[in-house]
Structure formats: structure tokens, C-alpha cells
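The block underneath contains the structure these notes are about, expressed in C-alpha cells.
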Amino acid sequence: MLHLWNTLHRKLEAFTPIESGTASLYTCGPTVYDRVHIGNLRAFTFEDVLQRVLILEGYRVKRVMNITDVGHLVGDADDGADKMQQRATKIGKTAWEIAREYETSFREDIQALHILTPEFLPRATDHIQEQIELVQLLEAKGFTYRTSDGIYFDTAKLPAYGKLSGQKLEEKEAGARVEVNQEKRNGTDFALWKFSPAGEKRDMEWESPWGIGFPGWHLECSAMAVKYLGQPFDIHCGGVDHIAVHHENEIAQSEAAFERPLANYWLHNEFITVDGQKMSKSLGNGYTLKDIQEHGLDPIAFRYFCLGAHYRSKLNFTWEALQAAQNALQKIQRWVMDYKKQATRKEELADEATLVDFRAALQEDLNTSKTLALVHRLLGGSLLSHDVVYATLVKMDEVLGLGIADWEAKEEVIPAEIQTLFEARQAARATKQWAESDRLRDELKAQGWLVEDNVGGGSLRKA
Ligand SMILES: [Zn+2]
């Protein structure tokens, strides 16, 4: 039985799907105006683990992740420029070009992290009609009003507004910063449809019953969730930063329109901090997967790094911590490669006792760090045969997603000068010239090769 921490009810609950055997999952996707940063990637990795655990538990997973390619404004209070348009103007491209370019890089990133591609990856711009119809429905039910710059949702009309964050409307109002838009009735009201500014031709704009413009950011999630999953669906995920505004507004639109809950379970992952600080553009610490690769680190080391912490805990990113994750990952890799070099391998069943512990850790609100500890316990001094250990690793990897079955035993190509140094070192060792032997070993290490002394004499491998 899978127990998940439900943000809405603030407790650990046994997961019960709406439709037996199927889990419907909505996960807020990227705004494709730039490369996604490691904070986004942590959320996507957590959601991938959730999907894989649901599959392991026997569910068919119906998952939607939206691609926000219009309408996400710089300010959370429906103010500021459209992120897509702003970026497009800055680098002399159209918003359409930006959207497709960064959607491609997003898809590459999730592939590099072994994130299963969601069954549905709908774009906001491909669902304008659905969004207009949702606003019409809200309009018919009296939840909307018009200002000079758009159609807004009146949060005061929905008594349950704020139930996800547990804040009352007045508290939110009090906490809100000075309103830019004086025409809004309540500080928490938000745009459903924004008008294109007078005299300005946007790259992305559409006709609507209210005038030419574009949908508000929150609207796409409500419209696409009901289209692909129905309402209510089972689980809604996102980062904790979405709770106070984006997810409250999704709930408001969907529940006002259809008069039933949007989702039954809400799971949110915590932030990544960088060197103990919040990620921000001004600090230049919004690292991307490309930065990680340029540091010579493996994207899967980042996945491993995320698995090392509980999704509801803050995770502090440093280059040293990522390197440590890579080192731990390489330990597993080396074991697997060595195993695959053996001529006498047998197919075996995975070790049931380990799998019981593994599933128990995941069933208790996805305790991935415990599962990594189980992996290392298995490799270090297990009484099981190597064949059984390998079979168990492969089974666990259905959730961990490290790619263990695809790691190939590579014969390392050793350059001639390294081989010469190595032979000299072995000769020095054989004649007990310890100082010289150590000097040559250090020399090899400086050049990136490690000498491993073993029963058969010694071997070389890349550091
Ligand atoms: Zn969303």
C-alpha cells in the first residue's frame, strides 16, 4: 500500500485511485522561455520517481505535463512582461521560435535524466479553444469581471479559495505586495484572459469573445487537466513555490467551473538551494543540466543527487556535493562493469528480502535515500551471489532509473606512455623499490589513471 504525504490534507494517506488499477497524474511543466534550471529538474525527477513507483505498484499511469509556451508573466500578480515575449525581443527571435527551441532542450534534458516521457505533453498554445471555453463557463457562473487589461477571476466569489495553502483571503491580501493593478477587486484575483496591449502586435495572440489577447498562465493547467484526465483526477504535483498562487488558482478555476474537486492528492517537492542560497537570476546560480555537463559531470549524477534526499526536504546543491554523488554512482557503476566482464554469468531472480525492504521504503512516502542505502548495502559484503545482486539491482533500477542494464563493460584503451609507466611501476614494486613504485603510482594518478594492486599483480583504470 502506497502512503503519500498529501499537501491538501497535510497528512500521510494511503493512496486510493479513482479508477481501480489506474493512477492519473498531473505535473506542472516547464515555461519554455529558457533552459530549465536544476530546481525545475528536481521537481521533474521527483515526479518521475512517483510515476515509476506507481508502475512498480501495478498501476497504469496516465500522466500529463503541460508545456507553458505562452502567458507566463514575469510577475506573479499578472503584471510585467510575458517571459516568452521578453526573451524573444531580447535575442531577436520570435516567441514561437523561443518556445520550440527550449521545448526541444527541455525534452533533451529529461531524456538525459532518464525521466519517462509523460503520456501527454500538451502545449498551452495548442489548447487556446479549451481555455476560452473554460473562461466562458466561469463567466456564465458569475466568477469573472472585466478590467481595462483583461478578464479576471473574482476570488471573493469562491469561499474555499486558499484551501491548499491554508491562508484566508484577508491574510493573503494583507501579505500581498502593493498592487500594480488598481482595477483588481481583490489582491488575490488573477487574470484568465489578458488583452494584447493597444497598438502592440504580440507574436502570440488570439481572437476571443473578449478581444484579442492571450490566456492567463494558470488557465492552461485547469483546461488541459480536465481534457486529458477528467475531474477530479488522482494526483497533482509541483514544486512548493506553486502552492500559494499557481495551484490555488488552478483549484479556484477548476472547482468553480465544474463544482467538484480538481485532484484528490497534492504532492509538492521542496526547493533546491545553491551554496545555501536561494537560486536567482541576479546571483547567477540558476544552474542548468548543460552547466553540469560542462563541469564534466554526468547528468545521472544529478539524478542520483536528487534521490539522495527526501523530496519534501530542502536540498542544497554545491559542486562538491554533486561530485560526491558522482563518486557514489561510480562505485555502483564499477561493480556493474566488473560484473559484466565476467564470462560466467547466470540469469537469476532478484533477492526477495531486499526487494521487500526496497518497496517498503518507497511505499512510505518515497524514501529514495533509504533505497540508495540498500543498493550500497547490497554491493558491500552481501552474502548473495553476484548474479543475484545484479538481478536485484536491475529490478530496483526500475524506480531509481540510473540505467544499470545499459551500462556496458568497456575495455579501457590505455595510451602507450601510460602503459610504459605502469609497467615500470610494476617492475619497481616487484623488486621492492617502494619509493620508486609509489612515485610512479602518483605520476599515473596525476595523469588520471589509478593503479589497483590485487592478487593477480595489478591493474589500471581511469580515475
Ligand atoms: Zn500548473
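Chain identifiers are assigned as A, B, and so on, following the order in which chains appear in the C-alpha cells; residues are numbered from 1 within each chain, and ligands are numbered from 1 in order of appearance.
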
Inset, instruction - For Glu133 (chain A), work out the shell of residues within 10 Å, counting only C-alpha atoms and skipping chain neighbours fewer than 6 positions away, then give it as a PyMOL selection string. - result: chain A and resi 139+208-209+223

Counting only C-alpha atoms, which residues of region 131-213 of chain A sit at most 12 Å from some atom of region 258-279 of chain A, and what is each one's closest atom pair with its distance in Å to one decimal, listed by chain and rising residue number, as a tab-separated table?
```
residue	atom	partner	partner_atom	distance
A:Leu134	CA	A:Phe258	CA	9.6
A:Val135	CA	A:Phe258	CA	11.9
A:Leu137	CA	A:Phe258	CA	8.8
A:Leu138	CA	A:Phe258	CA	9.1
A:Ala140	CA	A:Phe258	CA	11.9
A:Lys141	CA	A:Phe258	CA	10.1
A:Leu158	CA	A:Glu259	CA	10.8
A:Ala160	CA	A:Pro261	CA	11.1
A:Lys163	CA	A:Pro261	CA	11.5
A:Leu164	CA	A:Trp266	CA	8.7
A:Ser165	CA	A:Trp266	CA	11.1
```

For the interface of chain A with ligand 1 (cut-off 8 Å, counting only C-alpha atoms and all ligand atoms), please tabulate each contacting residue of chain A alongside its nearest pair of atoms and their separation in Å to one decimal, rows sorted by chain and increasing number, as a tab-separated table.
```
residue	atom	partner	partner_atom_place_in_ligand_line	distance
A:Thr27	CA	ligand 1	1 (Zn)	7.0
A:Cys28	CA	ligand 1	1 (Zn)	4.2
A:Gly29	CA	ligand 1	1 (Zn)	7.0
A:Asn66	CA	ligand 1	1 (Zn)	7.4
A:His218	CA	ligand 1	1 (Zn)	6.1
A:Glu220	CA	ligand 1	1 (Zn)	7.4
A:Cys221	CA	ligand 1	1 (Zn)	4.6
A:Ser222	CA	ligand 1	1 (Zn)	7.5
A:Gly238	CA	ligand 1	1 (Zn)	7.5
A:His242	CA	ligand 1	1 (Zn)	7.8
A:His246	CA	ligand 1	1 (Zn)	6.3
A:His247	CA	ligand 1	1 (Zn)	6.4
A:Glu250	CA	ligand 1	1 (Zn)	6.8
```

Since we have the selection now, will you write its residues out, keeping C-alpha atoms, as a PDB file, in the first residue's frame?
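File result_9.pdb, as written:
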```
ATOM      1  CA  THR A  27       2.516  17.593 -13.117  1.00  0.00           C
ATOM      2  CA  CYS A  28       3.094  21.255 -13.921  1.00  0.00           C
ATOM      3  CA  GLY A  29       5.635  21.524 -16.690  1.00  0.00           C
ATOM      4  CA  ASN A  66       1.963  20.841 -19.716  1.00  0.00           C
ATOM      5  CA  HIS A 218      -2.883  29.300 -14.600  1.00  0.00           C
ATOM      6  CA  GLU A 220      -3.885  26.101 -19.245  1.00  0.00           C
ATOM      7  CA  CYS A 221      -3.394  23.615 -16.402  1.00  0.00           C
ATOM      8  CA  SER A 222      -7.096  23.592 -15.493  1.00  0.00           C
ATOM      9  CA  GLY A 238       4.620  20.548  -8.475  1.00  0.00           C
ATOM     10  CA  HIS A 242       3.427  26.713  -6.801  1.00  0.00           C
ATOM     11  CA  HIS A 246      -0.457  28.863  -9.177  1.00  0.00           C
ATOM     12  CA  HIS A 247      -2.072  25.858  -7.578  1.00  0.00           C
ATOM     13  CA  GLU A 250      -5.858  26.195 -10.681  1.00  0.00           C
TER      14      GLU A 250
END
```

Within 12 Å of region 354-361 of chain A, which residues of region 12-55 of chain A show up? Give each one with its shortest atom-to-atom distance in Å (one decimal) and the two atoms involved, counting only C-alpha atoms, rows by chain then rising residue number, as a tab-separated table.
```
residue	atom	partner	partner_atom	distance
A:Arg52	CA	A:Arg359	CA	11.6
A:Val53	CA	A:Arg359	CA	8.5
A:Leu54	CA	A:Arg359	CA	11.0
A:Ile55	CA	A:Arg359	CA	11.9
```

Keeping only N, CA, C and O atoms, take the residues you just selected and write them out as a compact mmCIF listing (two decimals), in the first residue's frame.
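Result file is result_12.txt:
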```txt
# COMPACT_ATOMS: atom_id res chain seq x y z
N ARG A 52 7.26 6.05 -11.48
CA ARG A 52 7.88 4.72 -11.52
C ARG A 52 7.42 3.86 -10.33
O ARG A 52 7.27 2.65 -10.46
N VAL A 53 7.23 4.51 -9.17
CA VAL A 53 6.76 3.75 -8.00
C VAL A 53 5.33 3.27 -8.25
O VAL A 53 4.98 2.13 -7.94
N LEU A 54 4.51 4.14 -8.82
CA LEU A 54 3.13 3.75 -9.13
C LEU A 54 3.13 2.56 -10.11
O LEU A 54 2.34 1.62 -9.94
N ILE A 55 4.02 2.60 -11.09
CA ILE A 55 4.11 1.48 -12.04
C ILE A 55 4.54 0.21 -11.31
O ILE A 55 3.97 -0.87 -11.50
```

Inset, instruction - Using only C-alpha atoms, determine which residues lie at most 10 Å from Met65 (chain A), disregarding the query and same-chain residues fewer than 3 positions distant; provide the list as number ranges by chain. - result: A: 25-30, 44, 68, 117-123, 221, 224-225, 237

Legend entry - Test item: residues at most 7 Å from Ile212 (chain A), only C-alpha atoms, excluding those fewer than 2 positions along its chain, as JSON, numbers by chain: {"A": [195, 196, 205, 206, 207, 208]}

Would you save the residues of that selection, restricted to N, CA, C and O atoms, as a PDB file, in the first residue's frame?
```pdb
ATOM      1  N   PHE A 195      -5.602  41.078 -22.461  1.00  0.00           N
ATOM      2  CA  PHE A 195      -5.698  41.713 -23.781  1.00  0.00           C
ATOM      3  C   PHE A 195      -4.304  42.087 -24.270  1.00  0.00           C
ATOM      4  O   PHE A 195      -3.458  42.500 -23.473  1.00  0.00           O
ATOM      5  N   SER A 196      -4.108  41.948 -25.584  1.00  0.00           N
ATOM      6  CA  SER A 196      -2.865  42.465 -26.154  1.00  0.00           C
ATOM      7  C   SER A 196      -2.860  43.973 -25.935  1.00  0.00           C
ATOM      8  O   SER A 196      -3.885  44.617 -26.133  1.00  0.00           O
ATOM      9  N   GLU A 205      -0.947  35.811 -30.110  1.00  0.00           N
ATOM     10  CA  GLU A 205      -2.222  36.384 -29.670  1.00  0.00           C
ATOM     11  C   GLU A 205      -3.357  35.764 -30.474  1.00  0.00           C
ATOM     12  O   GLU A 205      -3.147  35.275 -31.585  1.00  0.00           O
ATOM     13  N   TRP A 206      -4.534  35.741 -29.870  1.00  0.00           N
ATOM     14  CA  TRP A 206      -5.679  35.059 -30.475  1.00  0.00           C
ATOM     15  C   TRP A 206      -6.946  35.891 -30.299  1.00  0.00           C
ATOM     16  O   TRP A 206      -7.065  36.667 -29.338  1.00  0.00           O
ATOM     17  N   GLU A 207      -7.889  35.646 -31.220  1.00  0.00           N
ATOM     18  CA  GLU A 207      -9.228  36.226 -31.080  1.00  0.00           C
ATOM     19  C   GLU A 207      -9.919  35.539 -29.901  1.00  0.00           C
ATOM     20  O   GLU A 207      -9.690  34.354 -29.654  1.00  0.00           O
ATOM     21  N   SER A 208     -10.768  36.290 -29.227  1.00  0.00           N
ATOM     22  CA  SER A 208     -11.578  35.675 -28.171  1.00  0.00           C
ATOM     23  C   SER A 208     -12.884  36.460 -28.071  1.00  0.00           C
ATOM     24  O   SER A 208     -12.979  37.551 -28.642  1.00  0.00           O
TER      25      SER A 208
END
```

Legend entry - Nearest-residue call for Asn367 (chain A), choices A:Leu229, A:Leu50, A:Leu116, A:Ala391, using only C-alpha atoms: A:Leu50

Inset, instruction - Identify which of the residues A:Thr94, A:His37, A:Ala463, A:Asp338 lies closest to Lys281 (chain A), counting only C-alpha atoms when measuring atom-to-atom distances. - result: A:His37

Would you kindly return, as a short mmCIF file (atom, residue, chain, number, x, y, z; two decimals) with all heavy atoms, in the first residue's frame, each protein, DNA or RNA residue with an atom no farther than 9 Å from any atom of Trp217 (chain A), considering only C-alpha atoms and excluding same-chain residues fewer than 6 positions away?
```cif
data_model
loop_
_atom_site.label_atom_id
_atom_site.label_comp_id
_atom_site.auth_asym_id
_atom_site.auth_seq_id
_atom_site.Cartn_x
_atom_site.Cartn_y
_atom_site.Cartn_z
N THR A 68 4.29 25.17 -20.94
CA THR A 68 3.83 26.56 -20.93
C THR A 68 4.61 27.33 -21.98
O THR A 68 5.80 27.61 -21.81
CB THR A 68 4.05 27.19 -19.54
OG1 THR A 68 3.29 26.44 -18.59
CG2 THR A 68 3.58 28.63 -19.52
N VAL A 70 3.09 30.15 -23.52
CA VAL A 70 2.52 31.50 -23.62
C VAL A 70 1.96 31.90 -22.26
O VAL A 70 1.60 31.04 -21.45
CB VAL A 70 1.38 31.56 -24.67
CG1 VAL A 70 0.15 30.76 -24.22
CG2 VAL A 70 0.97 33.01 -24.98
N GLY A 71 1.93 33.19 -22.00
CA GLY A 71 1.11 33.71 -20.90
C GLY A 71 1.74 33.73 -19.52
O GLY A 71 1.14 34.24 -18.59
N HIS A 72 2.95 33.17 -19.35
CA HIS A 72 3.58 33.18 -18.02
C HIS A 72 4.29 34.53 -17.86
O HIS A 72 5.32 34.76 -18.48
CB HIS A 72 4.56 32.02 -17.90
CG HIS A 72 5.00 31.77 -16.50
ND1 HIS A 72 5.72 30.66 -16.13
CD2 HIS A 72 4.82 32.48 -15.36
CE1 HIS A 72 5.96 30.70 -14.83
NE2 HIS A 72 5.42 31.80 -14.35
N LEU A 73 3.72 35.37 -17.03
CA LEU A 73 4.27 36.71 -16.88
C LEU A 73 5.38 36.74 -15.84
O LEU A 73 5.45 35.86 -14.98
CB LEU A 73 3.17 37.70 -16.50
CG LEU A 73 1.97 37.75 -17.47
CD1 LEU A 73 1.00 38.85 -17.06
CD2 LEU A 73 2.42 37.95 -18.91
N ASP A 78 0.10 38.87 -12.19
CA ASP A 78 -0.35 39.19 -13.56
C ASP A 78 0.20 40.52 -14.05
O ASP A 78 -0.45 41.23 -14.81
CB ASP A 78 -1.88 39.22 -13.64
CG ASP A 78 -2.46 37.87 -13.27
OD1 ASP A 78 -2.05 36.88 -13.88
OD2 ASP A 78 -3.29 37.83 -12.36
N ALA A 124 0.32 24.81 -24.20
CA ALA A 124 -0.75 25.79 -23.94
C ALA A 124 -1.26 26.38 -25.27
O ALA A 124 -2.46 26.56 -25.45
CB ALA A 124 -0.23 26.90 -23.04
N ALA A 191 -5.64 36.88 -13.61
CA ALA A 191 -6.09 37.03 -14.99
C ALA A 191 -6.44 35.67 -15.60
O ALA A 191 -5.68 34.70 -15.46
CB ALA A 191 -5.02 37.70 -15.82
N LEU A 192 -7.56 35.62 -16.27
CA LEU A 192 -7.95 34.44 -17.06
C LEU A 192 -7.60 34.69 -18.52
O LEU A 192 -7.18 33.78 -19.23
CB LEU A 192 -9.45 34.19 -16.92
CG LEU A 192 -9.94 33.87 -15.50
CD1 LEU A 192 -11.44 34.00 -15.41
CD2 LEU A 192 -9.50 32.46 -15.10
N TRP A 193 -7.82 35.92 -18.94
CA TRP A 193 -7.51 36.31 -20.32
C TRP A 193 -6.93 37.72 -20.28
O TRP A 193 -7.49 38.59 -19.64
CB TRP A 193 -8.79 36.28 -21.17
CG TRP A 193 -8.51 36.48 -22.63
CD1 TRP A 193 -8.58 37.67 -23.31
CD2 TRP A 193 -8.08 35.50 -23.57
NE1 TRP A 193 -8.21 37.49 -24.63
CE2 TRP A 193 -7.91 36.15 -24.81
CE3 TRP A 193 -7.81 34.12 -23.49
CZ2 TRP A 193 -7.49 35.48 -25.97
CZ3 TRP A 193 -7.40 33.45 -24.63
CH2 TRP A 193 -7.25 34.13 -25.85
N HIS A 246 -0.08 29.62 -7.98
CA HIS A 246 -0.46 28.86 -9.18
C HIS A 246 -1.46 27.75 -8.87
O HIS A 246 -2.48 27.62 -9.53
CB HIS A 246 0.80 28.32 -9.86
CG HIS A 246 0.52 27.53 -11.09
ND1 HIS A 246 -0.18 28.05 -12.16
CD2 HIS A 246 0.82 26.25 -11.45
CE1 HIS A 246 -0.29 27.13 -13.11
NE2 HIS A 246 0.31 26.03 -12.69
#
```

Legend entry - Near-Thr155 (chain A) list (8 Å; only C-alpha atoms; drop same-chain fewer than 5 positions) as a ChimeraX atom specification: /A:143,161,186,188-189,252

Inset, instruction - Find the residues near His376 (chain A): any atom within 9 Å, counting only C-alpha atoms, skip ones fewer than 6 places away on the same chain, and give them as number ranges by chain. - result: A: 328, 331-332

Let's have the selection written as a PDB file, in the first residue's frame, with C-alpha atoms.
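again.pdb written:
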```pdb
ATOM      1  CA  ALA A 328      28.929   7.174  -5.167  1.00  0.00           C
ATOM      2  CA  LYS A 331      31.009   2.867  -7.156  1.00  0.00           C
ATOM      3  CA  ILE A 332      27.841   1.179  -8.396  1.00  0.00           C
TER       4      ILE A 332
END
```
